[in-house]
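Peer 1: Before I ask anything, here is the structure I am working with.
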Amino acid sequence: MSHDVIIVGAGITGAAIARELSRYRLKILILEKEAEPAFGVSKSNSGIIHAGTQNPPTSLKGWLCVEGNRLMREELSGDLGLNFVQCGQLIVVFDLADLPELENIKTEGEALGVKGLEIVDRAWLDKNEPNLGPDVKAALYVPSAGIISPYRFVYALIENAVKNGAELKVLHKVTAIRVKGKEGFEVVAGGEVYRARYLVNAAGLYADEISAMAGAATFKITPRKGEEYLLDKKREHIARHIVFPLPSKTSKGILIIKTSDGNPMIGPTAHDIGDKEDLSTSDEGLAEVLAGARRMMPSISGGDIIAYFAGLRPVSGKDFVIRHEDPVPGLVNVAGIQSPGLTSAPAIAVMAADILRKHGLALEPREEFQRARPRPAHLFQIPPEETRRLIGKNPSYGDIVCRCELVSAQEVRDAVKRGARTLDGVKFRTRAQAGRCHGGFCTTRIMKIMQEELGLPVTAITKRGPGSELIKEERE
Amino acid sequence: METRDLIIVGGGPAGMAAALAARAAGVGDVLLLERDQHLGGILNQCIHPGFGLHHFKAELTGPEYADRFVELVKGDPGIEVRLRSFAVKLTKDRELSFLRPGALEEVKARAVILATGCRERTREMILIPGSRPAGVYPAGLAQKMVNIEGWIPGREAVIIGSGDIGLIMARRMALEGVKVKAVVEIQKTSRGLVRNVVQCLEDFGIPLYFQHRVAAIRGRDRVESVDVVRVDDGLKDIPGSGFKITCDTALISVGLIPENELLEMAGAEIDRRTNTPVAAEVNLTSIPGVFACGNACKVYDLVDWVTRDSGVAGRMAAEYLAGGKAV
C-alpha cells in the first residue's frame with residue numbers, strides 16, 4: 001500500500017496538516033500511536049487562540065500565530081463548526097514601573113501585525129474586568145485573542161480530512177522507518193508496513209525520536225510540564241477576558257483562562273522535566289497555580305476547583321522547528337510545537353504544504369474538496385427551541401445521560417459515530433463526565449451505549465486506550 | 001402552559017414519601033418526575049440489609065424498602081409518575097422544564113418539592129494529586145457497577161475515606177473476591193456508622209488506617225498504587241511516615257453533597273459550604289411554595305429519617321396549597 005504523504009501524529013499539528021493537504025489530489029495517511037486523535041500533547045492544551053503577542057517579532061512562531069489567529073477567525077471557525085469565542089485578552093501589571101515592558105509587548109505585537117492593542121488603566125479595568133484584585137494597576141488589552149475547545153478543534157480537522165479522503169490509523173505507533181532513497185520511506189507501525197514518498201513528522205513529544213529513526217537526529221525534545229486546574233461552571237463569569245500576568249522567560253505565567261465550555265481554568269505551571277510520560281499533578285503545582293491566579297483575582301479559591309490535569313509541552317529551543325531535512329529528502333519535521341502551537345497550527349499546515357511543494361510534491365487542487373464540516377449538536381450550547389427541533393428529529397436527544405453537563409444519549413452515540421473509542425474520547429467530544437460529579441452517575445450508562453455502538457464486551461471499554469480498561473470482569 | 005398542583009422532582013425514598021404524604025393530606029394532583037427508568041433512586045443499588053429498622057421495625061434491603069413505597073405510589077391514581085424525565089430548569093414562579101425521550105416539556109406547579117438527593121464528593125474535591133488513570137471511582141459508582149451491572153471494577157482495592165458507602169463497598173468487594181487492602185481515613189474516627197465499621201471491616205479483616213491520607217494516586221493507564229502518609233492532629237503530614245500500597249482500584253468515599261442546582265437556578269439562597277437550602281426550618285427553601293426534602297435538604301445517615309422528614313415536606317406542601325399556612 002503506497003501513499004503520497006504519511007503524517008506521524010494526530011495532534012493539532014498533524015490534524016491541521018492532514019486537513020490542509022486533503023485539499024489536494026493526494027493519498028494521505030495519518031499514523032497515531034494513541035487510541036484517538038488529540039490524546040497526546042493536544043488534550044491538555046489551554047484552548048487559547050493567541051493574538052500573536054508575547055513573541056519576538058523575528059520569530060517563526062510569532063508570525064505563524066498571527067496568521068493562525070486570522071485563519072481561525074476568518075475561515076476555520078465557520079467552516080468547521082467550531083465554537084470559537086473572541087473574548088480578548090489582558091496582560092496585567094502589578095507595578096506601574098512595568099509599563100515600559102507592556103509598551104514593548106505592544107510594539108513587538110504591532111510589528112507582527114497584531115491589531116487593536118491598547119494599554120488600559122485601572123478605571124478601564126474596573127469597568128471591563130471587575131473581579132481583578134487591587135494589586136493590578138494596568139493592562140495591555142489584546143482584542144483578537146479568543147478561546148476554543150482544543151480537542152474538538154483537532155476532531156473537527158481530522159473528521160474533515162477523513163471526509164476528504166485522508167486515512168487515519170489509531171493505535172499505530174511507529175516502530176521503524178526505512179529510508180528508500182527516491183522511493184521515499186517505509187514506515188512500520190502497528191505491525192504493518194506503509195510506504196510514502198514524503199514523511200511529515202508531527203509526533204509531538206516524540207518528534208525527536210521519529211526524526212532520528214528517519215536518519216535526522218537533528219534536535220531534541222524536552223517536555224515542559226504544565227498543571228492546570230478547572231473551576232466550577234458556577235464561576236463562569238469570574239473573568240470576561242483571558243487574563244495574563246507579564247510573561248517570564250520560560251512561560252506566559254499563571255493565567256486565568258475562560259474556556260469555551262464555561263469552566264474557567266487556572267494555570268499552567270511550566271517546569272522542564274525528564275519524563276515524557278509524567279502527567280502527574282502535585283501539591284506544589286496546585287499551590288503555585290492558586291497563588292498566581294489569586295494575585296490577579298483574589299476571590300478564586302481552592303474550593304472552586306472541580307478538576308485538574310497536567311500536560312507536557314514539546315520544547316526544542318525557543319522557536320518551532322519546521323523544515324525539510326535536506327540530508328533525508330522527503331522528510332519534513334514539524335516539531336517543538338509548544339505555545340502558541342494550537343493557534344499557529346492552521347498556518348503551520350499551510351507552511352508545511354508549501355515546503356512539500358518546494359521539494360517536489362505536486363499540489364493539484366481536489367475539485368470535490370468539502371471545506372465545511374457540520375457542527376455536532378450539543379444541548380448545553382443551544383436554546384430550548386433548538387433542543388425541541390433536535391428531539392423532534394430524534395427522540396434520543398431528550399434522553400439525558402449526564403446530568404451535570406446536560407448531555408443526551410444521542411450525543412454520546414453521535415460521538416462514537418464520529419470516532420470516539422474511549423470514555424475520555426466521549427468526554428472530550430460531549431462533556432459527559434466533565435462536570436462536578438465526574439461521571440459518578442453517568443459512567444455506567446455511557447459504557448453501555450459504547451458497548452452497543454462498538455459491539456465490544458464491556459471489559460474491553462477503556463478510559464483512554466489499551467491498559468486503561470475500566471472493569472476487570474463481567475458476571476452474569 | 002399546563003398547571004399542576006404539586007410537582008415532585010425525584011422518585012427516590014424522599015420523593016415517594018413526600019408524594020404519599022401530600023396525597024394523604026388532601027392534595028389531589030401530584031406529578032412525580034424521576035430521571036431513571038425505575039422509582040427507588042439509590043436504594044436500588046443498596047442490596048445490603050439494614051434499612052427500615054425504625055420505620056418498618058423490620059430489617060430490609062434497599063430494594064425491598066423502596067418497593068414498599070413503589071407499590072403505594074403506583075396504586076395511587078392521584079400520583080402521576082413520569083420516568084426517564086429529567087428536570088432541566090426551575091424558575092422562582094415554579095415553572096419547570098423537563099426533558100424526556102421524545103420531548104422537552106414545560107409545566108407550571110402551584111407547589112414544588114425537590115427531592116433530588118445528593119452526589120458523591122470526588123477525588124478532585126479533596127485535591128488528591130498524582131495521575132488520572134482508570135480505576136478511580138466514587139464508591140457509589142462502584143456500588144452501581146457491582147450491584148446493578150454485575151461488573152467487578154478491580155482485583156485489589158484501596159478505599160479512600162471511611163464514609164458508609166465506602167465501608168459497605170469494602171465488604172461488597174471482599175465478598176466478590178476483591179482484595180481490599182486498606183481503608184484510609186484522615187480523621188481520628190470513621191464518618192460512617194459504627195455498625196458498618198464492625199460488620200464491613202472488622203469482620204472481614206480489612207485494615208482501617210485512621211489519621212492517614214492518600215497523598216497521591218499513581219499509574220499511567222490503570223491505577224498501580226497509592227502513596228499513604230500519616231498525619232498529625234493538625235492534619236499535617238508526619239515526615240518519614242509515608243508508605244505505598246499497590247492496588248488497581250481506588251474508591252473514594254469522602255462524603256456527599258446535596259444536589260440543589262435546580263433550586264439555585266430558581267434563585268433560592270444556598271449555603272455555599274453544605275450546598276443546602278438556607279431556610280428557617282427543615283424542608284423549606286427561601287422561595288415560597290418550593291420545598292426540599294431528603295438528602296437534597298440535608299445529608300441523612302438513615303433512610304428511615306428521610307422517609308419521616310419527607311412526609312413532613314409533603315404535608316407542608318399540602319398546607320401551602322390549601323392556603324392554610326403562608327410559608
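Ordering of the C-alpha cells sets the chain letters (A, B, ...); residue numbers start at 1 within each chain; ligands are numbered from 1 in the order shown.
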Considering only C-alpha atoms, return as a ChimeraX atom specification whatever protein or nucleic-acid residues lie within 8 Å of segment 306-315 of chain A, sequence-local ones (same chain, fewer than 3 positions apart) excluded.
Peer 2: /A:41,43-45,204-205,221-232,276,279-281,318,335-339,435-436 /B:124-125,131-132
Peer 1: Check every residue of chain A for an atom within 7 Å of chain B, counting only C-alpha atoms, and provide those that qualify as a PyMOL selection string.
Peer 2: chain A and resi 279-283+305-307+388+391-392+395-400+437+440-441+444+463+467-476
Peer 1: Name the closest residue to Arg418 of chain A among the candidates A:Ala156, A:Leu246, A:Ala189, A:Leu290; distances are taken between atoms, counting only C-alpha atoms.
Peer 2: A:Ala156
Peer 1: As an exercise, work out the distance from atom CA of Val162 of chain A to atom CA of Gly181 of chain A in Å and give it to one decimal place.
Peer 2: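 Atom CA of Gly181 of chain A lies at a distance of 28.7 Å from atom CA of Val162 of chain A.
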Peer 1: Compile the contact shell of Ser241 of chain B as a PyMOL selection string: residues with an atom at most 12 Å away, counting only C-alpha atoms, same-chain residues fewer than 6 positions apart removed.
Peer 2: chain B and resi 211-215+227-232
Peer 1: Using only C-alpha atoms, what table do you get, as JSON lines, when you list each residue of segment 145-205 of chain A with an atom no more than 10 Å from segment 321-334 of chain A, its nearest pair of atoms, and their distance in Å rounded to one decimal, rows by chain then rising number?
Peer 2:
```
{"residue": "A:Val179", "atom": "CA", "partner": "A:Val328", "partner_atom": "CA", "distance": 7.9}
{"residue": "A:Lys180", "atom": "CA", "partner": "A:Val328", "partner_atom": "CA", "distance": 9.9}
{"residue": "A:Gly181", "atom": "CA", "partner": "A:Pro329", "partner_atom": "CA", "distance": 7.6}
{"residue": "A:Lys182", "atom": "CA", "partner": "A:Pro329", "partner_atom": "CA", "distance": 8.1}
{"residue": "A:Glu183", "atom": "CA", "partner": "A:Gly330", "partner_atom": "CA", "distance": 9.6}
{"residue": "A:Gly184", "atom": "CA", "partner": "A:Gly330", "partner_atom": "CA", "distance": 6.6}
{"residue": "A:Phe185", "atom": "CA", "partner": "A:Gly330", "partner_atom": "CA", "distance": 8.3}
{"residue": "A:Ala196", "atom": "CA", "partner": "A:Gly330", "partner_atom": "CA", "distance": 9.2}
{"residue": "A:Arg197", "atom": "CA", "partner": "A:Gly330", "partner_atom": "CA", "distance": 6.5}
{"residue": "A:Tyr198", "atom": "CA", "partner": "A:Gly330", "partner_atom": "CA", "distance": 4.6}
{"residue": "A:Leu199", "atom": "CA", "partner": "A:Leu331", "partner_atom": "CA", "distance": 4.9}
{"residue": "A:Val200", "atom": "CA", "partner": "A:Val332", "partner_atom": "CA", "distance": 4.8}
{"residue": "A:Asn201", "atom": "CA", "partner": "A:Asn333", "partner_atom": "CA", "distance": 4.9}
{"residue": "A:Ala202", "atom": "CA", "partner": "A:Val334", "partner_atom": "CA", "distance": 5.2}
{"residue": "A:Ala203", "atom": "CA", "partner": "A:Val334", "partner_atom": "CA", "distance": 8.1}
{"residue": "A:Gly204", "atom": "CA", "partner": "A:Val334", "partner_atom": "CA", "distance": 8.5}
```
Peer 1: Pull C-alpha atoms from the residues just selected and write them as a CSV table (one decimal), in the first residue's frame.
Peer 2:
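The resulting file, again.csv, is shown below:
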```csv
chain,number,residue,atom,x,y,z
A,179,VAL,CA,14.7,5.3,4.0
A,180,LYS,CA,14.4,4.1,0.5
A,181,GLY,CA,16.1,6.9,-1.5
A,182,LYS,CA,14.0,8.1,-4.4
A,183,GLU,CA,11.1,5.8,-3.4
A,184,GLY,CA,10.7,7.6,-0.1
A,185,PHE,CA,10.0,5.8,3.2
A,196,ALA,CA,5.1,7.0,1.1
A,197,ARG,CA,7.2,9.5,-0.9
A,198,TYR,CA,7.0,12.1,1.9
A,199,LEU,CA,7.1,11.8,5.6
A,200,VAL,CA,5.7,14.6,7.8
A,201,ASN,CA,6.8,14.3,11.4
A,202,ALA,CA,4.3,15.9,13.8
A,203,ALA,CA,4.9,13.5,16.6
A,204,GLY,CA,4.9,16.0,19.4
```
Peer 1: Report as number ranges by chain all protein, DNA and RNA residues lying within 12 Å of Gly205 of chain B, evaluated on only C-alpha atoms, omitting residues in the same chain fewer than 2 positions from it.
Peer 2: B: 170-171, 174, 179-183, 197-203, 207-208
Peer 1: Quick one: residues within 9 Å of His38 of chain B, only C-alpha atoms counted, chain neighbours fewer than 5 positions away excluded, as a list in words?
Peer 2: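 Answer for this query is Gly11, Asn44, Leu83 and Arg84 of chain B.
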Peer 1: For a test of reading the model, state the distance in Å between atom CA of Ser162 of chain B and atom CA of Pro63 of chain B, rounded to one decimal.
Peer 2: 23.5 Å
Peer 1: Quick one: DSSP helix (DSSP H, G or I) residues in segment 77-172 of chain B, as a list in words?
Peer 2: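 Result set for segment 77-172 of chain B (helix (DSSP H, G or I)): Ala139, Gly140, Leu141, Ala142, Gln143, Lys144, Met145, Val146, Asn147, Ile148, Glu149, Asp164, Ile165, Gly166, Leu167, Ile168, Met169, Ala170, Arg171 and Arg172 of chain B.
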Peer 1: Among segment 176-336 of chain A, which ones does DSSP place in strand (DSSP E), written as a PyMOL selection string?
Peer 2: chain A and resi 176-179+185-189+192-201+222-231+242-245+255-257+265-267+271-272+305-315+321-324+331-335
Peer 1: So how many Å separate atom CA of Ala138 of chain A and atom CA of Gln89 of chain A, to one decimal?
Peer 2: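 Pair atom CA of Ala138 of chain A / atom CA of Gln89 of chain A returns 13.0 Å.
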Peer 1: Give me, as a list in words, all polymer residues having an atom no more than 8 Å from Ile105 of chain A, counting only C-alpha atoms and skipping those fewer than 4 positions away in the same chain.
Peer 2: Thr53, Gln54, Glu101 and Gly109 of chain A
Peer 1: Keeping N, CA and C atoms for every residue in the selection just given, could you write it to a file as an mmCIF file, in the first residue's frame?
Peer 2:
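out_6.cif written:
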```cif
data_model
loop_
_atom_site.group_PDB
_atom_site.id
_atom_site.type_symbol
_atom_site.label_atom_id
_atom_site.label_comp_id
_atom_site.auth_asym_id
_atom_site.auth_seq_id
_atom_site.Cartn_x
_atom_site.Cartn_y
_atom_site.Cartn_z
ATOM 1 N N THR A 53 0.851 38.212 20.351
ATOM 2 C CA THR A 53 1.706 38.983 21.265
ATOM 3 C C THR A 53 2.562 38.030 22.073
ATOM 4 N N GLN A 54 3.514 38.571 22.794
ATOM 5 C CA GLN A 54 4.456 37.833 23.655
ATOM 6 C C GLN A 54 5.369 36.909 22.845
ATOM 7 N N GLU A 101 7.509 47.651 29.909
ATOM 8 C CA GLU A 101 7.506 46.273 29.384
ATOM 9 C C GLU A 101 6.225 45.989 28.604
ATOM 10 N N GLY A 109 4.160 43.297 19.248
ATOM 11 C CA GLY A 109 2.930 42.724 18.678
ATOM 12 C C GLY A 109 2.531 43.457 17.416
#
```
Peer 1: Measuring between only C-alpha atoms, which one of B:Gln45, B:Glu2, B:Ala292, B:Gly161 shows the shortest distance to Ala279 of chain B?
Peer 2: B:Ala292
Peer 1: Which residues are near Ser149 of chain A? Cut-off 12 Å, only C-alpha atoms, ignore same chain within fewer than 5 positions. Put them as a PyMOL selection string.
Peer 2: chain A and resi 12+38+42-49+77+81-85+154-156+257-263+342-343+428-431
